[in-house]
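Structure, as structure tokens:
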Amino acid sequence: MTFNLRLIPLLPFLGAAILMLFGRKWKRDTVLIVAAGAIAGSCLVAFDAFFTALPRAAAGGGLHDVVGTWIAAGSLKVDLAFRMDALSGLLCLIITFIGFLIHLYSSGYMEHDPDYPRFFAYLNLFCGSMLVLVLGDSLPVMFIGWEGVGLCSYLLIGFWYTSNANADAGKKAFITNRIGDLGFLIGMFLLYQYTGSLNIPEITAAAQGGGALMQPLWGATVAFWAALFLFVGATGKSAQLPLYVWLPDAMAGPTPVSALIHAATMVTAGVYMVARMHAVYLLTPGAMAIVAIVGALTALFAAIIGFAQNDFKKVLAYSTISQLGFMFAGVGTGNFDAGVFHLFTHAFFKAGLFLCAGSVMHAMGGSGDITIMGGLRKKVPWTHGVFFVCWLAICGVPFFSGFFSKDSIIGGAFGTEIFDAAINPLAGEHLAWVGKAVGVVLMLAALGTAFYMSRLYFLVFSGSETRASDEIKHHIHESPGAMVGPLVVLAIGAALGGFIGLPGGLLDHPEWNLLADRLRPVLGPEMEISRAMEIGFMVGSVVLALGGIGLAYLFYGGGYREPARKFAAAAPRFVQLVRDKFRIDELYGFLIIRPVKAIAKGIFFVVDRILIDGFLVGGLAWVVDLVGSIARWLQGGDVQRYMAVFAIGVAAIAYLATQPMHTFFSNALKVTVNGLTVDVDAHRGSIAANRVLDYSFDFDDDGKPEVTGVASGAHHVYPQPGTYTVRVKVKDPSWGTSSTLTQKVEVR
Amino acid sequence: MSAGGATTVDMVVFGVLATLTTFFALFTITRRNPVTAVMSLVATFFCLAGIYASLSAHFLAVIQVLVYAGAIMVLFIFVIMILNREEVAPFSLRPLRVLGVLAGVYLLVKIIDVVTVGLPEAVPGAAPDGFGTVAAIGDVLFRDFLYPFESISVLLLVAIVGGVVVSRSHQKEVAAVEAHDYRHQIEELAHHDYPGEPPAPAAPEGYH
Amino acid sequence: MPTTYYLVLSFVLFLIGTAGVLLRRNALIALMGIELQLNGGNLAMLAFSRELGDLKGHVFAFIIIALAAAEAAVGLAILVALFRGRQTVNLDEATLMKR
């Protein structure tokens with residue numbers, strides 16, 4: 001079934017193009033109408049497409065739209081084609097819907113920014129790229145979007161490019177993403193090499209067949225390496241260990257950007273990609289274990305860093321990294337629908353949290369320092385309400401969205417059979433521990449999540465007084481309706497979003513899990529866990545969530561409390577280490593950036609300074625200079641010099657003209673030997689043809705010429721065989737010049 | 001007619017005239033004072049006129065005296081009077097130029113070589129009747145060389161116009177340049193702290 | 001007189017003229033050197049004309065004298081202009097084109 005899927009990304013692209021071309025001269029309202037209109041139109045088309053696609057997707061199909069052939073080279077044929085099934089459809093809805101809300105919010109947040117049109121152009125461009133990413137039917141098309149969002153992320157992070165820090169953050173995001181992109185590309189090449197196709201459905205089909213991708217390669221299987229390299233790409237895009245470093249810095253961009261890119265959409269691209277390529281991952285439990293472990297460790301690691309951050313957006317950034325870790329742990333344990341489910345719920349509550357951050361910072365005069373906040377509950381009531389809901393959702397308090405999704409991930413980790421060699425023949429014996437270990441780490445991370453989010457909440461909203469200066473305090477106000485409206489919608493999503501993924505198995509109504517039900521044709525059957533286990537994990541995670549909140553209340557309820565100070569005083573170095581994000585940036589600087597810089601410096605010196613500057617540029621200039629100086633010497637405007645050169649030239653001609661002739665002609669006589677008879681011809685060619693010359697032929701080189709005269713040829717008969725030297729003297733009587741030609745002849 | 005066909009008188013006359021010609025020519029290019037040089041040149045041309053006459057080129061001999069020794073030299077004298085300036089070093093003996101002269105000397109040797117080897121030493125036969133007279137030359141000039149002759153008049157006209165254009169004075173341009181220099185000087189003065197400031201003490205030796 | 005003598009003399013004149021043009025700094029003397037060169041040429045013309053009994057050589061000499069007159073007029077005018085602009089007729093100093 002074809003559908004105009006191309007409209008979904010095309011509308012935002014058009015909006016971006018129009019805004020970039022004409023937006024500068026338009027009123028803000030017009031800009032907003034174009035930008036929000038484009039994304040709203042895209043959202044409507046996406047909804048239409050989604051509900052058209054769902055019934056077909058249930059049968060394993062979906063919507064397909066081929067725009068045209070993009071690459072046709074030999075056996076490689078890549079169409080610019082889009083496909084929508086339940087998975088990409090869900091992502092499309094998230095992107096367009098939350099994107100639309102963020103557009104609205106931005107209209108308030110960016111109200112006073114002089115670069116209003118540029119901002120919306122980038123936002124539209126970003127949404128378009130992201131839609132290409134999720135809708136792309138083949139890996140190259142996906143890669144367009146993959147790179148597109150990278151570019152937009154760079155543009156938006158460095159949006160306020162006049163500040164160096166912002167521009168650097170943009171570059172950092174871009175470069176870190178490039179490292180991941182290289183992995184993605186290698187994965188892509190591997191898949192093409194072994195399946196002969198870049199089309200995702202064809203790769204999926206090939207992977208389900210198993211054969212080609214199960215070939216051994218570099219000590220493992222093709223599938224393992226392809227999956228691993230694709231995951232490297234995902235770690236870059238989705239900010240996982242070890243490539244997560246760009247995301248916290250990306251908070252340099254405007255807050256709506258943080259909400260849109262670094263929470264709801266772009267960073268989930270990696271999770272989406274792993275889910276999309278799940279057929280390849282399922283072939284290789286080893287790679288999945290790596291995905292799950294990296295995800296779990298990231299979740300815990302980022303949560304710990306989140307404990308000590310004092311910047312509102314930084315806390316949320318590490319929270320994002322941590323939640324993305326949860327998603328990867330979910331897909332890595334084969335629990336794909338849980339990963340996507342968490343992606344969905346996270347999109348709502350994290351977008352909500354970020355937008356609340358923007359609203360709070362708006363109120364605080366642009367500062368995101370939570371140490372000077374506090375007691376904002378009453379001053380920004382709507383923002384507080386939304387934050388409250390999203391906080392409960394992310395902590396996993398029952399019946400809020402995060403509760404269901406996080407719970408299904410943790411449950412899936414413990415219940416997964418992917419790594420069990422007894423059940424999954426592909427898994428090795430040594431992988432059995434992975435599921436449990438990941439589950440334990442995730443539970444700790446969930447506890448940490450509850451703690452740092454509660455810390456954030458308590459420090460910002462609870463208490464009776466704000467710790468800021470009077471000037472800022474005086475300024476605090478609730479944000480305008482354009483900002484609050486989207487917040488409320490997001491809060492509703494955050495509160496109720498979990499109900500699309502109810503643990504149906506637990507309630508004896510598997511069809512209640514709408515999400516898993518719809519995703520089943522794409523991602524395969526959801527994970528089955530025993531009811532006892534499931535209830536156990538639910539209770540456990542509720543306890544963890546409440547425990548984290550309670551602990552945070554002990555430390556920070558109503559502001560900084562005694563235990564918090566005591567803890568900080570008891571382990572100051574550890575707190576500082578955490579606050580410095582475990583100094584990972586510095587480690588990278590030492591391990592990677594410094595050597596790269598040194599190499600670059602060396603290359604700069606050798607290639608640029610010596611080769612290019614020295615030889616190419618300098619050398620060319622030197623040659624030109626040399627030629628010029630010669631020409632200047634010749635053509636100096638000095639007539640006397642010309643005349644001297646002219647005289648020398650004439651003299652040279654006279655010299656040459658009066659030289660003995662052999663200077664001009666080859667010193668070869670034409671000798672014909674016939675027995676003892678020798679014929680010699682000393683004719684000098686056409687120049688001397690009409691001149692009378694005197695020849696003397698001395699056949700035996702005894703100084704007595706045998707033949708003389710004006711004839712150029714001579715004839716001689718030797719008395720006996722042997723080797724003789726023939727010497728011919730040619731004289732020009734009128735010029736007085738002469739030359740002698742000699743040649744050896746052998747007669748027998 | 002002696003050996004080689006030349007009479008002794010011919011030989012003596014040619015010898016004297018050739019020697020004088022060469023001598024005055026050398027004198028021309030070696031004198032420091034341009035007036036002396038010009039006078040030597042005139043003498044050279046007079047001698048040359050005699051040699052022309054010995055070649056039966058009587059008309060050309062007269063022309064030589066009239067045009068060269070008369071007109072052109074007067075022109076030279078006038079210009080020298082305008083431009084006369086003492087020369088510090090009259091010769092510029094740069095290697096290339098000296099080499100050029102040496103090349104010329106080599107050429108001379110070669111040419112002597114060639115003309116003495118290649119050409120007969122005999123005196124040419126008696127000249128035809130009226131050879132070199134005004135009538136004979138006029139006949140050739142206005143019959144066979146009419147157009148070249150008329151071209152010469154154009155050439156001379158152009159030369160006269162060119163001479164006038166090139167040598168006329170450029171009062172206005174010069175005035176403009178001087179005004180610019182003057183303004184420049186005023187600006188330079190304005191950059192001093194106050195007018196009349198004594199010049200800064202000269203930098204010590206070797207300081208640049 | 002044998003023509004060869006005239007030819008040698010003509011080249012000697014030419015050579016002296018060349019040396020004058022090459023070695024003298026004073027533009028006036030250089031111009032005189034050019035006149036000498038032209039006269040050297042003229043002498044060769046006349047000598048060959050006599051040798052061959054052909055008056056064309058005389059005509060050429062005549063044309064060359066006219067040319068010399070024109071050359072002297074323009075050359076001297078240039079010298080006057082040069083002197084006006086730079087207060088010198090030293091050829092070594094007339095090097096504006098060289099830079």
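Order determines the names: the first chain of the structure tokens is A, the second B, and so forth; residues in each chain are numbered 1 upward, and ligands are numbered 1 upward as they are shown.
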Which residues of chain C sit at most 12 Å from chain A, using only C-alpha atoms? Give each one's shortest atom pair and distance in Å (one decimal place), in chain and ascending residue order, as a Markdown table.
| residue | atom | partner | partner_atom | distance |
| --- | --- | --- | --- | --- |
| C:Phe14 | CA | A:Ala647 | CA | 11.4 |
| C:Leu15 | CA | A:Ala647 | CA | 9.8 |
| C:Gly17 | CA | A:Met643 | CA | 11.6 |
| C:Thr18 | CA | A:Met643 | CA | 8.2 |
| C:Ala19 | CA | A:Ala644 | CA | 9.2 |
| C:Gly20 | CA | A:Gln640 | CA | 9.9 |
| C:Val21 | CA | A:Gln640 | CA | 6.7 |
| C:Leu22 | CA | A:Gln640 | CA | 5.2 |
| C:Leu23 | CA | A:Gln640 | CA | 8.1 |
| C:Arg24 | CA | A:Gln640 | CA | 9.2 |
| C:Arg25 | CA | A:Gln640 | CA | 9.5 |
| C:Asn26 | CA | A:Gln640 | CA | 11.6 |
| C:Ala27 | CA | A:Gln640 | CA | 10.3 |
| C:Ala30 | CA | A:Gln640 | CA | 9.0 |
| C:Leu31 | CA | A:Gln640 | CA | 11.4 |
| C:Gly33 | CA | A:Gln640 | CA | 11.5 |
| C:Ile34 | CA | A:Met643 | CA | 11.2 |
| C:Asn90 | CA | A:Asp638 | CA | 11.7 |
| C:Leu91 | CA | A:Asp638 | CA | 8.0 |
| C:Asp92 | CA | A:Asp638 | CA | 7.9 |
| C:Glu93 | CA | A:Asp638 | CA | 9.9 |
| C:Ala94 | CA | A:Asp638 | CA | 8.1 |
| C:Thr95 | CA | A:Gly637 | CA | 6.8 |
| C:Leu96 | CA | A:Gly637 | CA | 8.1 |
| C:Met97 | CA | A:Gly637 | CA | 5.7 |
| C:Lys98 | CA | A:Gly636 | CA | 4.8 |
| C:Arg99 | CA | A:Gly636 | CA | 8.3 |
What are the closest atom pairs, with distances in Å to one decimal, for each residue of chain A lying within 12 Å of chain B, using only C-alpha atoms, rows by chain and rising residue number, as a Markdown table?
| residue | atom | partner | partner_atom | distance |
| --- | --- | --- | --- | --- |
| A:Trp633 | CA | B:Leu96 | CA | 11.3 |
| A:Leu634 | CA | B:Leu96 | CA | 11.5 |
| A:Asp638 | CA | B:Arg97 | CA | 11.1 |
| A:Val639 | CA | B:Arg97 | CA | 10.8 |
| A:Gln640 | CA | B:Arg97 | CA | 7.4 |
| A:Arg641 | CA | B:Arg97 | CA | 6.5 |
| A:Tyr642 | CA | B:Arg97 | CA | 9.3 |
| A:Met643 | CA | B:Gly100 | CA | 7.5 |
| A:Ala644 | CA | B:Gly100 | CA | 4.2 |
| A:Val645 | CA | B:Gly100 | CA | 6.4 |
| A:Phe646 | CA | B:Gly100 | CA | 7.7 |
| A:Ala647 | CA | B:Gly100 | CA | 5.3 |
| A:Ile648 | CA | B:Ala103 | CA | 5.2 |
| A:Gly649 | CA | B:Ala103 | CA | 8.3 |
| A:Val650 | CA | B:Leu107 | CA | 7.7 |
| A:Ala651 | CA | B:Ala103 | CA | 5.4 |
| A:Ala652 | CA | B:Ala103 | CA | 8.0 |
| A:Ile653 | CA | B:Leu107 | CA | 9.5 |
| A:Ala654 | CA | B:Leu107 | CA | 6.9 |
| A:Tyr655 | CA | B:Lys110 | CA | 8.1 |
| A:Leu656 | CA | B:Lys110 | CA | 11.2 |
| A:Ala657 | CA | B:Lys110 | CA | 10.2 |
| A:Thr658 | CA | B:Lys110 | CA | 8.4 |
| A:Gln659 | CA | B:Lys110 | CA | 11.3 |
| A:Asp732 | CA | B:Gly118 | CA | 10.5 |
| A:Pro733 | CA | B:Val117 | CA | 8.0 |
| A:Ser734 | CA | B:Gly118 | CA | 4.9 |
| A:Trp735 | CA | B:Val114 | CA | 6.1 |
| A:Gly736 | CA | B:Val117 | CA | 7.3 |
| A:Thr737 | CA | B:Val114 | CA | 10.5 |
Quick one: everything within 10 Å of Ile72 (chain B), counting only C-alpha atoms, minus sequence neighbours fewer than 2 positions away in the same chain. Send it as a VMD selection string. (chain B and resid 42 65 to 70 74 to 78) or (chain C and resid 35 65 68 to 73)
Mind giving me the straight-line distance from CA of Ser138 (chain A) to CA of Ala289 (chain A) in Å, one decimal?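 Separating CA of Ser138 (chain A) from CA of Ala289 (chain A) is a distance of 25.6 Å.
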Given a cut-off of 7 Å, which residues of chain B touch chain C, counting only C-alpha atoms, written out as a PyMOL selection string? chain B and resi 6+10-11+18+22+25-26+29+34+55+60+72+79+90-93+97+101+104+108+112+115-116+121-124+127-128+137+141+152+156+159-160+162-163+166-167
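The two atoms in question, CA of Ala72 (chain A) and CA of Ala234 (chain A), are spaced 27.3 Å apart.
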Compile the contact shell of Ile8 (chain A) as a PyMOL selection string: residues with an atom at most 8 Å away, counting only C-alpha atoms, same-chain residues fewer than 6 positions apart removed. chain A and resi 41-43+45-46+128+131
Put those residues in a file: N, CA and C atoms, as a short mmCIF file (atom, residue, chain, number, x, y, z; two decimals), in the first residue's frame.
data_model
loop_
_atom_site.label_atom_id
_atom_site.label_comp_id
_atom_site.auth_asym_id
_atom_site.auth_seq_id
_atom_site.Cartn_x
_atom_site.Cartn_y
_atom_site.Cartn_z
N GLY A 41 1.01 20.15 10.19
CA GLY A 41 0.57 19.41 9.01
C GLY A 41 1.22 18.06 8.96
N SER A 42 2.49 18.06 9.26
CA SER A 42 3.22 16.80 9.27
C SER A 42 2.61 15.85 10.30
N CYS A 43 2.25 16.42 11.45
CA CYS A 43 1.67 15.61 12.54
C CYS A 43 0.34 15.00 12.09
N VAL A 45 -0.68 14.42 8.99
CA VAL A 45 -0.42 13.37 8.00
C VAL A 45 0.08 12.12 8.70
N ALA A 46 0.95 12.32 9.70
CA ALA A 46 1.49 11.17 10.42
C ALA A 46 0.39 10.39 11.12
N GLY A 128 12.27 17.44 10.36
CA GLY A 128 12.28 16.76 9.07
C GLY A 128 13.33 15.67 9.02
N LEU A 131 12.36 12.73 11.03
CA LEU A 131 11.33 11.93 10.39
C LEU A 131 11.92 11.08 9.26
#
